[in-house]
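Asks: Dropping in input-v5.txt, with compact mmCIF, C-alpha atoms.
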```txt
# COMPACT_ATOMS: atom_id res chain seq x y z
CA MET A 2 255.76 39.27 150.72
CA GLY A 3 257.48 36.54 148.71
CA ARG A 4 258.83 34.71 151.76
CA VAL A 5 255.50 35.04 153.55
CA SER A 6 253.71 33.49 150.55
CA ASN A 7 256.17 30.59 150.50
CA ASN A 8 255.65 29.97 154.20
CA LEU A 9 251.86 30.11 153.87
CA ILE A 10 251.84 27.67 150.95
CA GLY A 11 254.16 25.37 152.90
CA ILE A 12 251.90 25.41 155.98
CA LEU A 13 248.71 24.89 153.97
CA ASN A 14 250.17 21.98 152.05
CA PHE A 15 251.55 20.39 155.20
CA LEU A 16 248.05 20.44 156.69
CA THR A 17 246.58 18.98 153.48
CA LEU A 18 249.31 16.32 153.45
CA VAL A 19 248.39 15.30 156.99
CA LEU A 20 244.70 15.25 156.02
CA SER A 21 245.37 12.97 153.04
CA ILE A 22 246.75 10.20 155.28
CA PRO A 23 243.46 9.35 157.09
CA VAL A 24 241.55 9.73 153.78
CA LEU A 25 243.88 7.24 152.09
CA GLY A 26 243.73 4.97 155.15
CA ALA A 27 239.91 4.98 155.04
CA GLY A 28 239.97 3.93 151.39
CA ILE A 29 242.42 1.08 152.06
CA TRP A 30 240.32 -0.03 155.04
CA LEU A 31 237.19 -0.16 152.88
CA ALA A 32 239.05 -2.16 150.22
CA HIS A 33 240.21 -4.80 152.71
CA LYS A 34 237.17 -4.88 154.99
CA GLY A 35 235.60 -8.31 155.05
CA GLY A 36 231.94 -8.59 154.09
CA ALA A 37 231.79 -5.12 152.55
CA THR A 38 228.44 -4.13 151.09
CA GLU A 39 227.93 -2.93 147.52
CA CYS A 40 227.78 0.66 148.83
CA GLU A 41 231.13 0.33 150.59
CA ARG A 42 232.77 -1.26 147.54
CA PHE A 43 231.42 1.61 145.44
CA LEU A 44 233.12 4.14 147.73
CA GLU A 45 236.55 2.53 148.12
CA LYS A 46 238.10 3.52 144.76
CA PRO A 47 237.05 7.21 144.82
CA VAL A 48 238.27 7.54 148.43
CA ILE A 49 241.66 5.97 147.60
CA ALA A 50 241.99 8.15 144.48
CA LEU A 51 241.17 11.29 146.50
CA GLY A 52 243.73 10.33 149.18
CA VAL A 53 246.50 9.73 146.63
CA PHE A 54 245.64 12.96 144.77
CA LEU A 55 245.75 15.07 147.96
CA PHE A 56 249.00 13.43 149.06
CA LEU A 57 250.86 13.97 145.77
CA VAL A 58 249.63 17.53 145.18
CA SER A 59 250.34 18.56 148.78
CA LEU A 60 253.80 16.99 148.63
CA ALA A 61 254.60 18.88 145.42
CA GLY A 62 253.40 22.17 146.91
CA LEU A 63 255.24 21.59 150.20
CA ILE A 64 258.60 20.73 148.61
CA GLY A 65 258.25 23.44 145.98
CA ALA A 66 257.49 26.15 148.55
CA CYS A 67 260.01 25.14 151.24
CA PHE A 68 262.95 24.38 148.94
CA ARG A 69 262.21 26.96 146.22
CA VAL A 70 261.78 24.26 143.54
CA SER A 71 260.19 26.30 140.77
CA TRP A 72 259.13 23.42 138.50
CA LEU A 73 257.31 21.66 141.35
CA LEU A 74 255.47 24.86 142.20
CA TRP A 75 254.58 25.22 138.52
CA VAL A 76 253.10 21.70 138.48
CA TYR A 77 251.28 22.47 141.73
CA LEU A 78 249.78 25.67 140.31
CA LEU A 79 248.77 23.91 137.07
CA VAL A 80 246.91 21.22 139.02
CA MET A 81 245.29 23.88 141.22
CA PHE A 82 244.16 25.82 138.15
CA LEU A 83 242.64 22.70 136.55
CA LEU A 84 240.93 21.86 139.86
CA ILE A 85 239.41 25.35 140.04
CA VAL A 86 238.10 25.05 136.46
CA LEU A 87 236.66 21.57 137.10
CA LEU A 88 234.98 22.63 140.35
CA PHE A 89 233.50 25.69 138.69
CA CYS A 90 232.10 23.62 135.81
CA PHE A 91 230.74 20.96 138.18
CA THR A 92 229.04 23.59 140.35
CA ILE A 93 227.27 25.12 137.34
CA PHE A 94 226.35 21.64 136.07
CA ALA A 95 224.97 20.62 139.49
CA PHE A 96 222.67 23.64 139.64
CA VAL A 97 221.44 23.04 136.06
CA VAL A 98 220.62 19.30 136.32
CA THR A 99 219.04 19.58 139.78
CA ASN A 100 216.83 22.55 138.97
CA PRO A 101 213.72 20.66 137.73
CA GLY A 102 211.80 18.17 139.86
CA ALA A 103 209.75 18.32 143.04
CA GLY A 104 207.42 16.10 145.02
CA LYS A 105 203.66 16.23 144.46
CA THR A 106 201.67 17.35 147.51
CA LEU A 107 198.68 15.11 148.26
CA SER A 108 195.50 16.06 150.06
CA ASN A 109 195.33 14.80 153.66
CA ARG A 110 198.77 13.22 153.44
CA GLY A 111 201.85 14.02 155.50
CA TYR A 112 204.12 12.89 152.67
CA LYS A 113 204.62 13.73 149.01
CA GLU A 114 204.76 11.44 146.01
CA TYR A 115 207.41 11.58 143.31
CA ARG A 116 207.35 11.03 139.53
CA LEU A 117 210.47 10.17 137.54
CA GLY A 118 209.44 12.30 134.55
CA ASP A 119 209.61 15.48 136.63
CA TYR A 120 213.42 15.36 136.86
CA SER A 121 216.09 16.26 134.32
CA ASN A 122 216.75 13.84 131.45
CA TRP A 123 220.38 13.45 132.50
CA LEU A 124 219.42 12.26 136.00
CA GLN A 125 216.71 10.00 134.58
CA LYS A 126 219.27 8.29 132.36
CA ARG A 127 221.58 7.67 135.31
CA VAL A 128 218.96 5.77 137.30
CA GLY A 129 217.46 4.28 134.14
CA ASP A 130 220.65 2.33 133.50
CA GLY A 131 220.09 -1.18 134.88
CA LYS A 132 223.64 -1.58 136.20
CA ASN A 133 223.55 1.74 138.05
CA TRP A 134 220.13 1.10 139.51
CA ASN A 135 221.07 -2.37 140.77
CA LYS A 136 223.90 -0.81 142.77
CA ILE A 137 221.61 1.91 144.16
CA LYS A 138 218.91 -0.64 144.97
CA SER A 139 221.45 -2.80 146.76
CA CYS A 140 222.43 0.21 148.90
CA LEU A 141 218.79 0.92 149.75
CA ILE A 142 218.16 -2.68 150.77
CA ASP A 143 221.40 -2.94 152.77
CA GLY A 144 220.62 0.37 154.45
CA GLU A 145 217.15 -0.89 155.45
CA VAL A 146 215.56 2.43 154.51
CA CYS A 147 212.06 0.99 154.97
CA LYS A 148 212.69 -0.71 158.30
CA SER A 149 212.33 2.50 160.33
CA MET A 150 208.75 2.82 159.07
CA THR A 151 207.81 -0.38 160.89
CA THR A 152 209.79 0.20 164.10
CA THR A 153 208.85 3.76 165.06
CA ASN A 154 205.90 2.54 167.12
CA ALA A 155 205.42 -0.47 169.38
CA THR A 156 202.15 -1.20 167.57
CA THR A 157 201.23 -1.02 163.91
CA PRO A 158 199.91 2.47 163.11
CA THR A 159 196.41 2.77 161.77
CA VAL A 160 195.89 3.82 158.18
CA THR A 161 194.97 7.34 159.34
CA GLU A 162 198.13 7.57 161.44
CA PHE A 163 200.23 6.29 158.55
CA TYR A 164 198.78 8.83 156.10
CA ALA A 165 199.79 11.58 158.53
CA GLU A 166 203.42 10.38 158.65
CA HIS A 167 206.15 12.65 157.24
CA LEU A 168 208.06 10.21 155.04
CA SER A 169 211.34 10.93 153.28
CA ALA A 170 211.39 11.00 149.50
CA VAL A 171 213.04 7.55 149.38
CA GLN A 172 210.57 6.06 151.86
CA SER A 173 207.59 7.49 149.99
CA GLY A 174 208.83 6.26 146.62
CA CYS A 175 210.33 2.89 147.58
CA CYS A 176 208.55 1.60 150.68
CA LYS A 177 204.87 1.96 149.80
CA PRO A 178 202.70 1.83 146.66
CA ALA A 179 201.43 5.01 145.05
CA ASP A 180 198.12 6.31 146.40
CA GLU A 181 196.54 6.00 142.95
CA CYS A 182 197.03 2.20 143.10
CA TYR A 183 194.25 2.09 145.75
CA PHE A 184 195.88 -0.78 147.65
CA GLU A 185 194.44 -1.93 150.96
CA TYR A 186 196.60 -0.92 153.92
CA VAL A 187 197.77 -3.66 156.33
CA SER A 188 200.97 -2.12 157.70
CA PRO A 189 203.42 0.54 156.45
CA THR A 190 205.19 -1.99 154.20
CA VAL A 191 202.38 -4.51 153.63
CA TRP A 192 199.58 -3.65 151.20
CA ASN A 193 197.05 -5.91 149.52
CA LYS A 194 196.17 -5.51 145.87
CA PRO A 195 192.38 -5.13 145.47
CA ALA A 196 190.68 -7.32 142.90
CA GLY A 197 189.22 -5.69 139.84
CA THR A 198 190.90 -2.29 140.31
CA ALA A 199 193.07 -1.18 137.41
CA SER A 200 195.45 1.77 137.36
CA THR A 201 197.42 3.32 134.54
CA ASN A 202 200.41 3.64 136.87
CA THR A 203 202.83 0.85 135.92
CA ASP A 204 204.35 0.93 139.41
CA CYS A 205 201.20 -0.74 140.80
CA ALA A 206 202.07 -4.02 139.08
CA LEU A 207 205.65 -3.90 140.40
CA TRP A 208 204.72 -3.70 144.09
CA ASP A 209 205.45 -6.77 146.23
CA ASN A 210 205.16 -7.24 149.99
CA ASP A 211 208.53 -9.02 150.07
CA PRO A 212 210.83 -6.72 152.17
CA SER A 213 213.59 -7.14 149.60
CA THR A 214 211.28 -6.09 146.73
CA LEU A 215 208.55 -3.66 147.90
CA CYS A 216 208.68 -0.87 145.30
CA PHE A 217 212.46 -0.88 144.74
CA ASN A 218 211.89 -1.51 141.02
CA CYS A 219 209.32 1.28 140.69
CA SER A 220 209.80 4.57 138.86
CA SER A 221 208.60 6.31 142.05
CA CYS A 222 211.56 4.80 143.92
CA LYS A 223 213.97 6.13 141.31
CA ALA A 224 212.27 9.53 141.57
CA GLY A 225 212.60 9.48 145.36
CA VAL A 226 216.32 8.74 145.05
CA LEU A 227 216.71 11.59 142.54
CA ASP A 228 214.88 14.00 144.85
CA ASN A 229 217.24 13.07 147.67
CA LEU A 230 220.21 13.34 145.29
CA LYS A 231 218.97 16.73 144.12
CA ARG A 232 219.04 18.16 147.65
CA ASP A 233 222.47 16.65 148.34
CA TRP A 234 223.93 18.02 145.11
CA LYS A 235 222.64 21.50 145.86
CA ARG A 236 224.30 21.37 149.28
CA VAL A 237 227.53 20.18 147.64
CA ALA A 238 227.28 22.99 145.09
CA VAL A 239 227.02 25.59 147.87
CA VAL A 240 230.04 24.05 149.65
CA ASN A 241 231.90 24.05 146.31
CA ILE A 242 231.36 27.80 145.98
CA ILE A 243 232.99 28.35 149.37
CA PHE A 244 235.76 25.89 148.47
CA LEU A 245 236.33 27.69 145.15
CA VAL A 246 236.86 31.00 146.94
CA VAL A 247 239.42 29.33 149.23
CA LEU A 248 241.17 27.69 146.26
CA VAL A 249 241.40 30.99 144.38
CA ILE A 250 243.00 32.62 147.44
CA VAL A 251 245.47 29.72 147.84
CA TYR A 252 246.19 29.81 144.10
CA SER A 253 246.97 33.54 144.30
CA ILE A 254 249.35 32.95 147.22
CA GLY A 255 250.92 30.10 145.26
CA CYS A 256 251.54 32.41 142.31
CA CYS A 257 253.40 34.79 144.62
CA ALA A 258 255.45 31.89 145.97
CA PHE A 259 256.25 30.74 142.43
CA ARG A 260 257.44 34.22 141.38
CA ASN A 261 259.56 34.43 144.52
CA SER A 262 261.16 31.01 143.92
CA ARG A 263 261.87 31.82 140.28
CA ALA A 264 263.44 35.13 141.28
CA ASP A 265 265.65 33.34 143.81
CA ASN A 266 266.74 30.86 141.14
CA ASP A 267 267.41 33.59 138.56
CA TYR A 268 269.33 35.79 141.01
CA PRO A 269 271.11 33.49 143.48
CA ARG A 270 272.53 35.04 146.65
CA TYR A 271 276.30 34.63 146.52
CA LYS A 272 278.43 34.78 149.61
CA GLY A 273 279.12 38.35 150.55
CA TYR A 274 276.12 39.66 148.58
CA PRO A 275 274.11 41.98 150.85
```
Just give me the structure as structure tokens.

Replies:
Amino acid sequence: MGRVSNNLIGILNFLTLVLSIPVLGAGIWLAHKGGATECERFLEKPVIALGVFLFLVSLAGLIGACFRVSWLLWVYLLVMFLLIVLLFCFTIFAFVVTNPGAGKTLSNRGYKEYRLGDYSNWLQKRVGDGKNWNKIKSCLIDGEVCKSMTTTNATTPTVTEFYAEHLSAVQSGCCKPADECYFEYVSPTVWNKPAGTASTNTDCALWDNDPSTLCFNCSSCKAGVLDNLKRDWKRVAVVNIIFLVVLVIVYSIGCCAFRNSRADNDYPRYKGYP
């Protein structure tokens, strides 16, 4: 069983080592790509860090398992244990902070509207920070999230057709004013402010028909981003559960390999020993 565990750990770490190379290459490519957007610059450092981490941990596990280097296997198992603890804590945290918050269903509308106050305080603080939001807003503008609303049809949809559209949370929050603003519809991203109509919703005053402004500074836009983030985090949390099960299995095999390597080092096989 000991030799089998060493071989399995060696094979698994060889595969992870090979996987780390394209991950690291992608991070380096993003770092040196000319004209990179704010979103791409935001991704480059985490991708490089992930690639280096996978490479070093896999190398330690591969050498430790194949050459019976007990201290390397010990380091490998320590890192694996810390990774399991961190993933477990993050998974619980993700479920907790993404539990509150949902879009408000409107009568005779194909879309929902989103309010920032409906989401957890921790998420609200993340998008409430000006520096963080400027980066997110830059990604939304660069990604042209509102452009698809104006290019789905050859002609401009009527107001009735637009109200029947199934918009994403980001499109609903960032690309149009709130229904309670009572703006006059011109096109999906062009709305006229009526004279003499006041609303308690502060987002109404922030709306602008400029494609680079629209409602990107609105609380509804931040809420739409959080709703999208909420769904993504829940998917990641489910994947993490599966990944945790795999890591626990690999960790158990690694423990067997470590005991085997330590036994080999404590009781070396001398020539002539059966």

Asks: At most 7 Å from (208.5, 5.7, 136.5), file frame, all atoms listed in the file: which residues, as a count of residues only?

Replies: 7

Asks: Which value, in Å to one decimal, gives the distance between atom CA of Val247 of chain A and atom CA of Val5 of chain A?

Replies: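 Pair atom CA of Val247 of chain A / atom CA of Val5 of chain A returns 17.6 Å.
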
Asks: Using all atoms listed in the file, which of the listed residues (A:Lys231, A:Lys138, A:Lys126, A:Arg110) sits closest to Ser173 of chain A?

Replies: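 Closest to Ser173 of chain A of all the choices is A:Arg110.
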
Asks: For each of A:Leu78, A:Ile22, A:Ala61, A:Cys147, take the minimum atom-to-atom distance to Ser253 of chain A, counting only C-alpha atoms, then give the residue where this is smallest.

Replies: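 Checking each of A:Leu78, A:Ile22, A:Ala61, A:Cys147 against Ser253 of chain A, counting only C-alpha atoms, the winner is A:Leu78.
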
Asks: What is the distance between atom CA of Leu245 of chain A and atom CA of Val24 of chain A, in Å to one decimal?

Replies: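 Answer for the atom CA of Leu245 of chain A to atom CA of Val24 of chain A separation: 20.6 Å.
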
Asks: List as a Markdown table every residue of segment 140-242 of chain A that is in contact with segment 89-94 of chain A, defined as an atom at most 8 Å from one of its atoms (using all atoms listed in the file), together with the nearest atom pair and the distance in Å rounded to one decimal, sorted by chain and then rising number.

Replies:
```
| residue | atom | partner | partner_atom | distance |
| --- | --- | --- | --- | --- |
| A:Ala238 | CA | A:Thr92 | CA | 5.1 |
| A:Asn241 | CA | A:Thr92 | CA | 6.6 |
| A:Ile242 | CA | A:Thr92 | CA | 7.4 |
```

Asks: Can you fill out segment 94-113 of chain A with N, CA, C and O atoms and hand it back as an mmCIF file, keeping the file's coordinate frame?

Replies:
```
data_model
loop_
_atom_site.group_PDB
_atom_site.id
_atom_site.type_symbol
_atom_site.label_atom_id
_atom_site.label_comp_id
_atom_site.auth_asym_id
_atom_site.auth_seq_id
_atom_site.Cartn_x
_atom_site.Cartn_y
_atom_site.Cartn_z
ATOM 1 N N PHE A 94 227.064 22.829 136.538
ATOM 2 C CA PHE A 94 226.350 21.640 136.070
ATOM 3 C C PHE A 94 225.380 21.126 137.131
ATOM 4 O O PHE A 94 224.243 20.750 136.825
ATOM 5 N N ALA A 95 225.814 21.113 138.400
ATOM 6 C CA ALA A 95 224.970 20.620 139.490
ATOM 7 C C ALA A 95 223.707 21.455 139.634
ATOM 8 O O ALA A 95 222.609 20.920 139.835
ATOM 9 N N PHE A 96 223.837 22.771 139.532
ATOM 10 C CA PHE A 96 222.670 23.640 139.640
ATOM 11 C C PHE A 96 221.714 23.433 138.457
ATOM 12 O O PHE A 96 220.487 23.478 138.619
ATOM 13 N N VAL A 97 222.277 23.190 137.255
ATOM 14 C CA VAL A 97 221.440 23.040 136.060
ATOM 15 C C VAL A 97 220.635 21.736 136.110
ATOM 16 O O VAL A 97 219.416 21.730 135.899
ATOM 17 N N VAL A 98 221.312 20.597 136.392
ATOM 18 C CA VAL A 98 220.620 19.300 136.320
ATOM 19 C C VAL A 98 219.700 19.059 137.513
ATOM 20 O O VAL A 98 218.810 18.206 137.441
ATOM 21 N N THR A 99 219.901 19.790 138.608
ATOM 22 C CA THR A 99 219.040 19.580 139.780
ATOM 23 C C THR A 99 217.947 20.637 139.889
ATOM 24 O O THR A 99 217.202 20.642 140.874
ATOM 25 N N ASN A 100 217.841 21.498 138.892
ATOM 26 C CA ASN A 100 216.830 22.550 138.970
ATOM 27 C C ASN A 100 215.399 22.008 138.844
ATOM 28 O O ASN A 100 214.545 22.323 139.666
ATOM 29 N N PRO A 101 215.097 21.160 137.821
ATOM 30 C CA PRO A 101 213.720 20.660 137.730
ATOM 31 C C PRO A 101 213.458 19.516 138.695
ATOM 32 O O PRO A 101 214.386 18.833 139.140
ATOM 33 N N GLY A 102 212.188 19.304 139.033
ATOM 34 C CA GLY A 102 211.800 18.170 139.860
ATOM 35 C C GLY A 102 211.397 18.557 141.257
ATOM 36 O O GLY A 102 212.107 19.295 141.941
ATOM 37 N N ALA A 103 210.228 18.077 141.683
ATOM 38 C CA ALA A 103 209.750 18.320 143.040
ATOM 39 C C ALA A 103 208.645 17.313 143.347
ATOM 40 O O ALA A 103 207.989 16.797 142.429
ATOM 41 N N GLY A 104 208.459 17.035 144.620
ATOM 42 C CA GLY A 104 207.420 16.100 145.020
ATOM 43 C C GLY A 104 206.035 16.705 144.848
ATOM 44 O O GLY A 104 205.847 17.921 144.905
ATOM 45 N N LYS A 105 205.054 15.810 144.624
ATOM 46 C CA LYS A 105 203.660 16.230 144.460
ATOM 47 C C LYS A 105 202.959 16.174 145.808
ATOM 48 O O LYS A 105 202.913 15.127 146.458
ATOM 49 N N THR A 106 202.404 17.298 146.246
ATOM 50 C CA THR A 106 201.670 17.350 147.510
ATOM 51 C C THR A 106 200.312 16.698 147.351
ATOM 52 O O THR A 106 199.589 16.966 146.390
ATOM 53 N N LEU A 107 199.961 15.814 148.299
ATOM 54 C CA LEU A 107 198.680 15.110 148.260
ATOM 55 C C LEU A 107 197.757 15.627 149.356
ATOM 56 O O LEU A 107 198.211 16.011 150.437
ATOM 57 N N SER A 108 196.481 15.609 149.079
ATOM 58 C CA SER A 108 195.500 16.060 150.060
ATOM 59 C C SER A 108 195.414 15.070 151.223
ATOM 60 O O SER A 108 195.378 13.855 151.010
ATOM 61 N N ASN A 109 195.448 15.601 152.443
ATOM 62 C CA ASN A 109 195.330 14.800 153.660
ATOM 63 C C ASN A 109 196.437 13.759 153.798
ATOM 64 O O ASN A 109 196.228 12.663 154.321
ATOM 65 N N ARG A 110 197.616 14.101 153.315
ATOM 66 C CA ARG A 110 198.770 13.220 153.440
ATOM 67 C C ARG A 110 199.944 14.012 154.041
ATOM 68 O O ARG A 110 200.162 15.169 153.668
ATOM 69 N N GLY A 111 200.686 13.365 154.916
ATOM 70 C CA GLY A 111 201.850 14.020 155.500
ATOM 71 C C GLY A 111 203.077 13.903 154.614
ATOM 72 O O GLY A 111 204.114 14.506 154.889
ATOM 73 N N TYR A 112 202.996 13.121 153.576
ATOM 74 C CA TYR A 112 204.120 12.890 152.670
ATOM 75 C C TYR A 112 203.778 13.351 151.256
ATOM 76 O O TYR A 112 202.624 13.622 150.935
ATOM 77 N N LYS A 113 204.801 13.408 150.423
ATOM 78 C CA LYS A 113 204.620 13.730 149.010
ATOM 79 C C LYS A 113 204.883 12.486 148.174
ATOM 80 O O LYS A 113 205.492 11.517 148.649
#
```
